[in-house]
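Below is one structure, written out as structure tokens; comments come after it.
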Amino acid sequence: MTEASTKAVAPWWKGAAIYQIYPRSFADNTGNGVGDLQGIISKLGYVADLGVDGIWLSPFFTSPMKDFGYDVADYKGVDPLFGELADFDQLLARAHELKLKVIIDQVYSHTSDQHDWFTTSRASRTGEMSDWYVWADAKPDGSPPNNWLSVFGGAAWSWDTSRRQYYLHNFLAEQPDLNFHNPDVQDAVLDAARFWMDRGVDGFRLDVANYYFHDSELRDNPPSGKLDNARPYGFQKHLHNRSRPETIGFLKRLRALLDTYNGRMTVAEIASGSNIARSIEYTEGEDRLHTAYNFHLLECTEPRSDFVQSALEAWQETDAWPSWSLSNHDVKRVLSRWSSEAETPARAKLFLALLLSLRGTIFLYQGEELGLPQADVPFVDLQDPEAKRFWPDNLGRDGCRTPMPWSGNEDEAGFSSAEPWLPVSERHRALAVNAQLGDPDSVLLYAKQLLAFRKRYKALITGDLSFVPSTRDSLAFLRQSEDQDIVCAFNFSDTTSASLKLMRRDYQPVENLCVGAQLENGTVRLGPSGVFFALASNS
């Protein structure tokens with residue numbers, strides 16, 4: 001089999017595997033129970049050894065931490081909890097030494113209510129920055145200007161006694177929305193982007209990129225007709241408070257700025273449920289964002305083959321480039337979300353194999369390479385405002401944010417010398433890094449083998465994807481380039497077997513990546529949670 005050159009014409013991010021680090025929970029160097037930038041630096045060797053192409057850092061900016069960094073009080077500052085700007089510069093330099101690209105979060109939709117911009121804006125209806133946020137008068141009866149709801153519950157409007165007006169917040173009341181209809185606001189956030197690119201960052205992950213603009217007429221949202229949603233937010237069609245057509249104009253401005261730098265990229269988070277069309281809209285052509293992911297697979301509660309296939313097919317007839325993730329800091333870990341009760345190493349390997357064989361840019365969440373299940377966090381230890389607001393329904397995000405287990409036999413699993421901000425999951429101790437490094441059958445070793453396999457073959461990085469007929473619980477497709485042909489097959493059932501007939505006889509199984517699967521006379525036999533990879537040459 002001919003090996004692919006990794007020095008392809010495609011830009012570095014196209015088909016790359018990016019490792020997401022949630023700084024609060026990765027590694028604590030200062031001994032205060034919270035992860036920090038120096039802690040990340042100390043573990044970058046581990047990350048590079050996985051075989052990923054870069055890292056994505058969740059927010060480390062100055063913040064009162066009402067939403068744990070997604071309420072930014074200074075776009076150009078590092079919060080003392082995580083370190084100093086010099087620590088970030090050191091992190092960036094070390095990552096680049098290890099050939100890791102660095103992507104950082106940018107939260108443009110809203111700021112903290114402690115940001116100087118908001119303090120200035122709320123001071124007067126006619127003063128400096130008075131229209132940098134979304135302000136509106138009360139209705140004659142004193143109620144909010146319209147029926148828009150907050151993602152975190154309740155009205156999306158809060159009353160400010162200084163201005164005697166309501167201000168918009170699509171999330172927490174402490175996260176007021178910026179007014180992107182004001183070009184000065186756009187200029188200010190672009191200046192923040194320029195600040196970080198001047199320091200050398202390789203790209204941005206754009207938080208809730210479809211929330212930048214609102215309907216300037218403040219029209220009511222219509223009902224969705226879906227009264228079975230877990231949150232009232234789902235009772236509305238969000239036509240007027242997000243995904244506005246004006247967004248495209250700003251995305252073009254942002255892309256134009258990035259194009260003045262060499263090799264920088266953007267990946268947008270599209271918070272519109274399963275609306276892949278929005279992700280494609282934001283990334284089509286050469287003048288919008290580079291790539292985007294949404295919650296189509298992240299919010300999927302079971303790995304149905306037809307559902308996964310439909311998500312992949314949606315990107316087949318467009319020049320837009322997808323990104324994929326199965327876990328992150330906002331959703332239940334995929335091992336628990338996609339397994340009824342069998343949260344086994346075989347299931348963890350299955351989901352890693354699926355993710356790392358997809359056509360697109362891949363985002364791997366910290367601990368996913370260990371096969372971590374969702375942690376159970378008791379009410380007394382909850383930190384997430386969303387978890388507290390909707391308790392006892394398990395809607396919170398703390399269970400996927402617990403500390404990274406580095407050493408199962410140490411206090412706090414080697415994450416910190418102090419009691420951590422969230423408790424270490426006892427279920428995670430046996431899955432700690434040190435417990436898996438020497439195990440030839442571990443999920444960690446399998447993740448490394450998958451990443452090496454993906455990097456080795458061009459067909460998996462930028463090749464085409466076409467589907468192979470399979471059974472109801474299984475999914476199979478081909479990844480193809482000019483000289484490579486790779487079959488990838490997965491059995492999502494943890495109780496029944498599946499079979500797949502191959503069209504060619506010259507496939508050679510990739511033995512170290514096949515799990516519970518075998519090839520017999522042109523037929524692939526997939527056991528429960530089985531994975532099969534095979535290669536053929538097109539030369």
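The chains in the structure tokens are called A, B, ... from first to last as shown; in each chain the residues are counted from 1, and the ligands are counted from 1 in the order shown.
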
List the neighbours of Leu178 (chain A) out to 7 Å using only C-alpha atoms; skip same-chain residues closer than 2 positions along the sequence, and give me the result as a PDB file with N, CA, C and O atoms, in the first residue's frame.
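That gives us around39.pdb:
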ATOM      1  N   SER A 109     -20.279  37.021  20.904  1.00  0.00           N
ATOM      2  CA  SER A 109     -21.715  37.282  21.006  1.00  0.00           C
ATOM      3  C   SER A 109     -22.049  38.162  22.201  1.00  0.00           C
ATOM      4  O   SER A 109     -22.940  39.013  22.123  1.00  0.00           O
ATOM      5  N   HIS A 110     -21.332  37.959  23.297  1.00  0.00           N
ATOM      6  CA  HIS A 110     -21.654  38.651  24.549  1.00  0.00           C
ATOM      7  C   HIS A 110     -20.380  38.832  25.360  1.00  0.00           C
ATOM      8  O   HIS A 110     -19.357  38.213  25.085  1.00  0.00           O
ATOM      9  N   TRP A 132     -23.597  50.026  22.416  1.00  0.00           N
ATOM     10  CA  TRP A 132     -22.733  48.864  22.183  1.00  0.00           C
ATOM     11  C   TRP A 132     -23.408  47.561  22.611  1.00  0.00           C
ATOM     12  O   TRP A 132     -22.944  46.479  22.255  1.00  0.00           O
ATOM     13  N   TYR A 133     -24.470  47.667  23.369  1.00  0.00           N
ATOM     14  CA  TYR A 133     -25.243  46.494  23.793  1.00  0.00           C
ATOM     15  C   TYR A 133     -26.685  46.685  23.336  1.00  0.00           C
ATOM     16  O   TYR A 133     -27.041  47.745  22.802  1.00  0.00           O
ATOM     17  N   VAL A 134     -27.510  45.666  23.528  1.00  0.00           N
ATOM     18  CA  VAL A 134     -28.880  45.711  23.024  1.00  0.00           C
ATOM     19  C   VAL A 134     -29.796  46.181  24.147  1.00  0.00           C
ATOM     20  O   VAL A 134     -30.146  45.419  25.060  1.00  0.00           O
ATOM     21  N   PRO A 176     -24.403  40.062  29.005  1.00  0.00           N
ATOM     22  CA  PRO A 176     -25.156  40.917  28.093  1.00  0.00           C
ATOM     23  C   PRO A 176     -24.669  40.794  26.646  1.00  0.00           C
ATOM     24  O   PRO A 176     -23.471  40.695  26.396  1.00  0.00           O
ATOM     25  N   PHE A 180     -24.140  43.968  17.461  1.00  0.00           N
ATOM     26  CA  PHE A 180     -23.320  43.874  16.257  1.00  0.00           C
ATOM     27  C   PHE A 180     -23.844  44.737  15.113  1.00  0.00           C
ATOM     28  O   PHE A 180     -23.168  44.865  14.094  1.00  0.00           O
TER      29      PHE A 180
END

**Request:** Give me the residues within 7 Å of region 157-173 of chain A as an MDAnalysis selection string, counting only C-alpha atoms and dropping any in the same chain fewer than 6 places off.
**Result:** chainID A and resid 122:125 134:138 144 150:151

Produce a file of the selected residues containing C-alpha atoms, as a tab-separated table (two decimals), in the first residue's frame.
chain	number	residue	atom	x	y	z
A	122	ARG	CA	-25.10	51.23	31.13
A	123	ALA	CA	-24.05	54.61	32.54
A	124	SER	CA	-26.14	56.67	30.12
A	125	ARG	CA	-28.55	56.35	27.22
A	134	VAL	CA	-28.88	45.71	23.02
A	135	TRP	CA	-31.04	48.07	25.08
A	136	ALA	CA	-34.81	48.48	24.84
A	137	ASP	CA	-37.59	50.22	26.73
A	138	ALA	CA	-40.14	48.30	28.73
A	144	PRO	CA	-39.79	43.01	28.62
A	150	SER	CA	-32.69	32.80	27.59
A	151	VAL	CA	-31.00	29.46	26.92

**Message:** Would you pick out the contacts of Gly83 (chain A) at 9 Å or less, using only C-alpha atoms, so that residues sharing its chain but fewer than 4 positions from it are not included, and give the list as a ChimeraX atom specification?
**Reply:** /A:36-38,60,78-79,87-88

**Message:** With only C-alpha atoms as the counted atoms, please give the residues lying no more than 7 Å from Ser325 (chain A), apart from itself and same-chain residues fewer than 3 positions off, as a ChimeraX atom specification.
**Reply:** /A:298,362-364

**Asked** Leaving out Thr523 (chain A) and any residue of its chain fewer than 3 positions from it, which residues lie within 8 Å of it when counting only C-alpha atoms, given as a PyMOL selection string?
**Response** chain A and resi 499-502+519-520

Save out the residues we just selected, N, CA, C and O atoms, as a short mmCIF file (atom, residue, chain, number, x, y, z; two decimals), in the first residue's frame.
data_model
loop_
_atom_site.label_atom_id
_atom_site.label_comp_id
_atom_site.auth_asym_id
_atom_site.auth_seq_id
_atom_site.Cartn_x
_atom_site.Cartn_y
_atom_site.Cartn_z
N SER A 499 -23.07 -8.05 9.41
CA SER A 499 -22.17 -8.50 8.35
C SER A 499 -22.21 -7.51 7.19
O SER A 499 -23.20 -6.79 7.00
N LEU A 500 -21.14 -7.50 6.43
CA LEU A 500 -20.98 -6.54 5.34
C LEU A 500 -20.25 -7.24 4.20
O LEU A 500 -19.20 -7.85 4.40
N LYS A 501 -20.80 -7.15 2.98
CA LYS A 501 -20.18 -7.75 1.81
C LYS A 501 -19.33 -6.71 1.11
O LYS A 501 -19.81 -5.63 0.74
N LEU A 502 -18.04 -7.01 0.92
CA LEU A 502 -17.13 -6.09 0.25
C LEU A 502 -17.20 -6.28 -1.26
O LEU A 502 -17.36 -7.40 -1.75
N LEU A 519 -12.60 -10.82 8.53
CA LEU A 519 -12.94 -10.88 7.12
C LEU A 519 -12.86 -12.33 6.66
O LEU A 519 -11.83 -12.98 6.82
N GLU A 520 -13.98 -12.83 6.09
CA GLU A 520 -14.04 -14.21 5.62
C GLU A 520 -14.66 -14.25 4.23
O GLU A 520 -15.83 -13.91 4.05
#

**Fill in**
Taken to one decimal, the CA of Asp74 (chain A)-CA of Asn294 (chain A) distance is 26.6 Å

**Message:** When you look at Phe68 (chain A) with a cut-off of 10 Å (counting only C-alpha atoms), what residues show up, excluding the ones that are within fewer than 5 positions of it in the same chain? I need them as a list in words.
**Reply:** Arg24, Ser58, Pro59, Phe60, Phe61, Ser63, Gln383, Asp384 and Pro385 of chain A

**Request:** Would you work out the distance separating CA of Arg278 (chain A) from CA of Asn182 (chain A), expressed in Å to one decimal?
**Result:** 23.3 Å

**Item:** Contacts of Thr462 (chain A) at 12 Å (only C-alpha atoms; same-chain gap of 4+ positions) as a ChimeraX atom specification
**Value:** /A:4-16,321-322,357-362,454-458,479-482,484

For the selection you just gave me, I'd like the residues written to a file as a compact mmCIF listing (two decimals), in the first residue's frame, keeping C-alpha atoms.
# COMPACT_ATOMS: atom_id res chain seq x y z
CA ALA A 4 0.37 9.24 1.60
CA SER A 5 2.54 12.24 2.03
CA THR A 6 1.33 14.40 4.90
CA LYS A 7 2.67 17.43 3.01
CA ALA A 8 -0.49 17.82 0.98
CA VAL A 9 -1.54 20.95 -0.84
CA ALA A 10 -4.54 21.29 1.48
CA PRO A 11 -4.17 23.80 4.35
CA TRP A 12 -3.03 22.40 7.68
CA TRP A 13 -6.47 22.49 9.29
CA LYS A 14 -8.25 20.55 6.55
CA GLY A 15 -8.62 17.06 7.96
CA ALA A 16 -6.55 17.85 11.05
CA TRP A 321 -15.67 21.75 4.81
CA PRO A 322 -17.19 20.10 7.92
CA SER A 357 -12.33 8.13 10.11
CA LEU A 358 -14.76 10.92 9.17
CA ARG A 359 -14.23 13.35 6.31
CA GLY A 360 -13.63 16.70 7.98
CA THR A 361 -11.63 18.36 10.71
CA ILE A 362 -11.82 16.39 13.95
CA ARG A 454 -5.30 8.88 9.99
CA LYS A 455 -2.13 10.93 9.62
CA ARG A 456 -0.47 8.26 7.48
CA TYR A 457 -3.13 8.02 4.78
CA LYS A 458 -4.25 10.95 2.67
CA ARG A 479 -12.52 6.80 2.18
CA GLN A 480 -10.78 7.17 -1.15
CA SER A 481 -7.99 9.13 -2.79
CA GLU A 482 -6.25 8.57 -6.13
CA GLN A 484 -5.82 4.65 -1.63

Distance table requested - region 472-505 of chain A against region 304-312 of chain A, cut-off 7 Å, only C-alpha atoms: one row per qualifying residue with the closest atom pair and its distance in Å to one decimal, ordered by chain and rising residue number, as JSON lines.
{"residue": "A:Arg472", "atom": "CA", "partner": "A:Ser305", "partner_atom": "CA", "distance": 6.6}
{"residue": "A:Asp473", "atom": "CA", "partner": "A:Ser305", "partner_atom": "CA", "distance": 5.9}
{"residue": "A:Ser474", "atom": "CA", "partner": "A:Ser305", "partner_atom": "CA", "distance": 5.9}
{"residue": "A:Leu475", "atom": "CA", "partner": "A:Ser305", "partner_atom": "CA", "distance": 5.4}

**Request:** Select from region 203-411 of chain A everything DSSP, run on the backbone, classes as strand (DSSP E or B), then give the selection as number ranges by chain.
**Result:** A: 203-206, 223, 236, 265-270, 291-294, 321-324, 361-365

Grab the residues selected above and save them as a tab-separated table (two decimals), in the first residue's frame with N, CA, C and O atoms.
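Below is the file that was written, again25.tsv:
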chain	number	residue	atom	x	y	z
A	203	GLY	N	-5.52	30.05	15.11
A	203	GLY	CA	-6.91	30.11	14.72
A	203	GLY	C	-7.83	30.32	15.90
A	203	GLY	O	-7.39	30.39	17.06
A	204	PHE	N	-9.12	30.41	15.58
A	204	PHE	CA	-10.13	30.69	16.58
A	204	PHE	C	-11.27	29.69	16.49
A	204	PHE	O	-11.71	29.34	15.39
A	205	ARG	N	-11.75	29.28	17.64
A	205	ARG	CA	-13.04	28.60	17.72
A	205	ARG	C	-14.03	29.67	18.16
A	205	ARG	O	-13.85	30.31	19.20
A	206	LEU	N	-15.05	29.90	17.36
A	206	LEU	CA	-15.99	31.00	17.58
A	206	LEU	C	-17.21	30.50	18.33
A	206	LEU	O	-18.04	29.75	17.79
A	223	PRO	N	-44.09	30.31	18.19
A	223	PRO	CA	-43.96	29.03	18.90
A	223	PRO	C	-43.43	27.94	17.98
A	223	PRO	O	-43.68	27.95	16.77
A	236	GLN	N	-39.87	27.77	21.36
A	236	GLN	CA	-39.91	28.83	20.35
A	236	GLN	C	-39.08	28.46	19.12
A	236	GLN	O	-38.10	27.72	19.21
A	265	MET	N	-6.99	30.07	10.78
A	265	MET	CA	-8.29	29.47	10.46
A	265	MET	C	-9.32	29.80	11.52
A	265	MET	O	-9.01	30.24	12.63
A	266	THR	N	-10.59	29.60	11.16
A	266	THR	CA	-11.70	29.75	12.10
A	266	THR	C	-12.57	28.51	12.03
A	266	THR	O	-12.82	27.98	10.94
A	267	VAL	N	-13.03	28.05	13.17
A	267	VAL	CA	-14.06	27.01	13.23
A	267	VAL	C	-15.20	27.55	14.08
A	267	VAL	O	-14.99	28.01	15.20
A	268	ALA	N	-16.38	27.56	13.51
A	268	ALA	CA	-17.53	28.14	14.19
A	268	ALA	C	-18.34	27.07	14.91
A	268	ALA	O	-18.55	25.98	14.39
A	269	GLU	N	-18.78	27.41	16.11
A	269	GLU	CA	-19.81	26.62	16.77
A	269	GLU	C	-21.16	27.20	16.35
A	269	GLU	O	-21.44	28.37	16.58
A	270	ILE	N	-21.98	26.36	15.72
A	270	ILE	CA	-23.31	26.78	15.30
A	270	ILE	C	-24.31	26.18	16.26
A	270	ILE	O	-24.59	24.99	16.23
A	291	THR	N	-14.40	26.55	8.50
A	291	THR	CA	-15.13	25.32	8.80
A	291	THR	C	-16.05	25.58	9.99
A	291	THR	O	-15.97	26.63	10.65
A	292	ALA	N	-16.94	24.63	10.26
A	292	ALA	CA	-17.91	24.78	11.35
A	292	ALA	C	-18.41	23.42	11.79
A	292	ALA	O	-18.43	22.47	11.02
A	293	TYR	N	-18.78	23.34	13.05
A	293	TYR	CA	-19.51	22.17	13.53
A	293	TYR	C	-20.76	22.65	14.26
A	293	TYR	O	-20.86	23.80	14.69
A	294	ASN	N	-21.73	21.75	14.34
A	294	ASN	CA	-22.91	22.08	15.13
A	294	ASN	C	-23.20	20.92	16.08
A	294	ASN	O	-22.31	20.12	16.37
A	321	TRP	N	-16.43	22.81	4.13
A	321	TRP	CA	-15.67	21.75	4.81
A	321	TRP	C	-16.20	21.56	6.22
A	321	TRP	O	-16.27	22.50	7.01
A	322	PRO	N	-16.60	20.32	6.59
A	322	PRO	CA	-17.19	20.10	7.92
A	322	PRO	C	-16.14	19.91	9.01
A	322	PRO	O	-14.97	19.61	8.73
A	323	SER	N	-16.57	20.07	10.23
A	323	SER	CA	-15.83	19.64	11.41
A	323	SER	C	-16.74	18.76	12.24
A	323	SER	O	-17.97	18.95	12.25
A	324	TRP	N	-16.14	17.83	12.97
A	324	TRP	CA	-16.93	16.86	13.73
A	324	TRP	C	-16.38	16.71	15.15
A	324	TRP	O	-15.17	16.71	15.36
A	361	THR	N	-12.57	18.06	9.64
A	361	THR	CA	-11.63	18.36	10.71
A	361	THR	C	-12.20	17.80	12.01
A	361	THR	O	-13.40	17.94	12.28
A	362	ILE	N	-11.36	17.16	12.79
A	362	ILE	CA	-11.82	16.39	13.95
A	362	ILE	C	-11.43	17.10	15.24
A	362	ILE	O	-10.30	17.57	15.40
A	363	PHE	N	-12.39	17.16	16.18
A	363	PHE	CA	-12.13	17.73	17.50
A	363	PHE	C	-12.35	16.64	18.54
A	363	PHE	O	-13.44	16.10	18.69
A	364	LEU	N	-11.26	16.33	19.24
A	364	LEU	CA	-11.22	15.27	20.24
A	364	LEU	C	-11.15	15.91	21.62
A	364	LEU	O	-10.21	16.66	21.91
A	365	TYR	N	-12.13	15.62	22.47
A	365	TYR	CA	-12.21	16.26	23.78
A	365	TYR	C	-11.33	15.55	24.79
A	365	TYR	O	-11.25	14.32	24.81

**Message:** Can you measure CA of Ser339 (chain A) to CA of Asn491 (chain A) for me? One decimal in Å is fine.
**Reply:**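 Interatomic distance, CA of Ser339 (chain A) to CA of Asn491 (chain A): 12.5 Å.
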
**Message:** For the alpha helix (DSSP H) assignment from backbone DSSP, which residues of region 332-425 of chain A qualify? Please present them as a PyMOL selection string.
**Reply:** chain A and resi 334-337+345-355+385-390

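With only C-alpha atoms as the atoms that count, the residue of A:Asp28, A:Ser143, A:Tyr19, A:Leu350 with the shortest distance to Leu100 (chain A) is A:Tyr19.
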
**Message:** Please determine, counting only C-alpha atoms, which residue among A:Pro64, A:Gly54, A:Pro183, A:Pro23 has the shortest atom-to-atom distance to Arg401 (chain A).
**Reply:**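 The shortest atom-to-atom distance to Arg401 (chain A) comes from A:Pro23.
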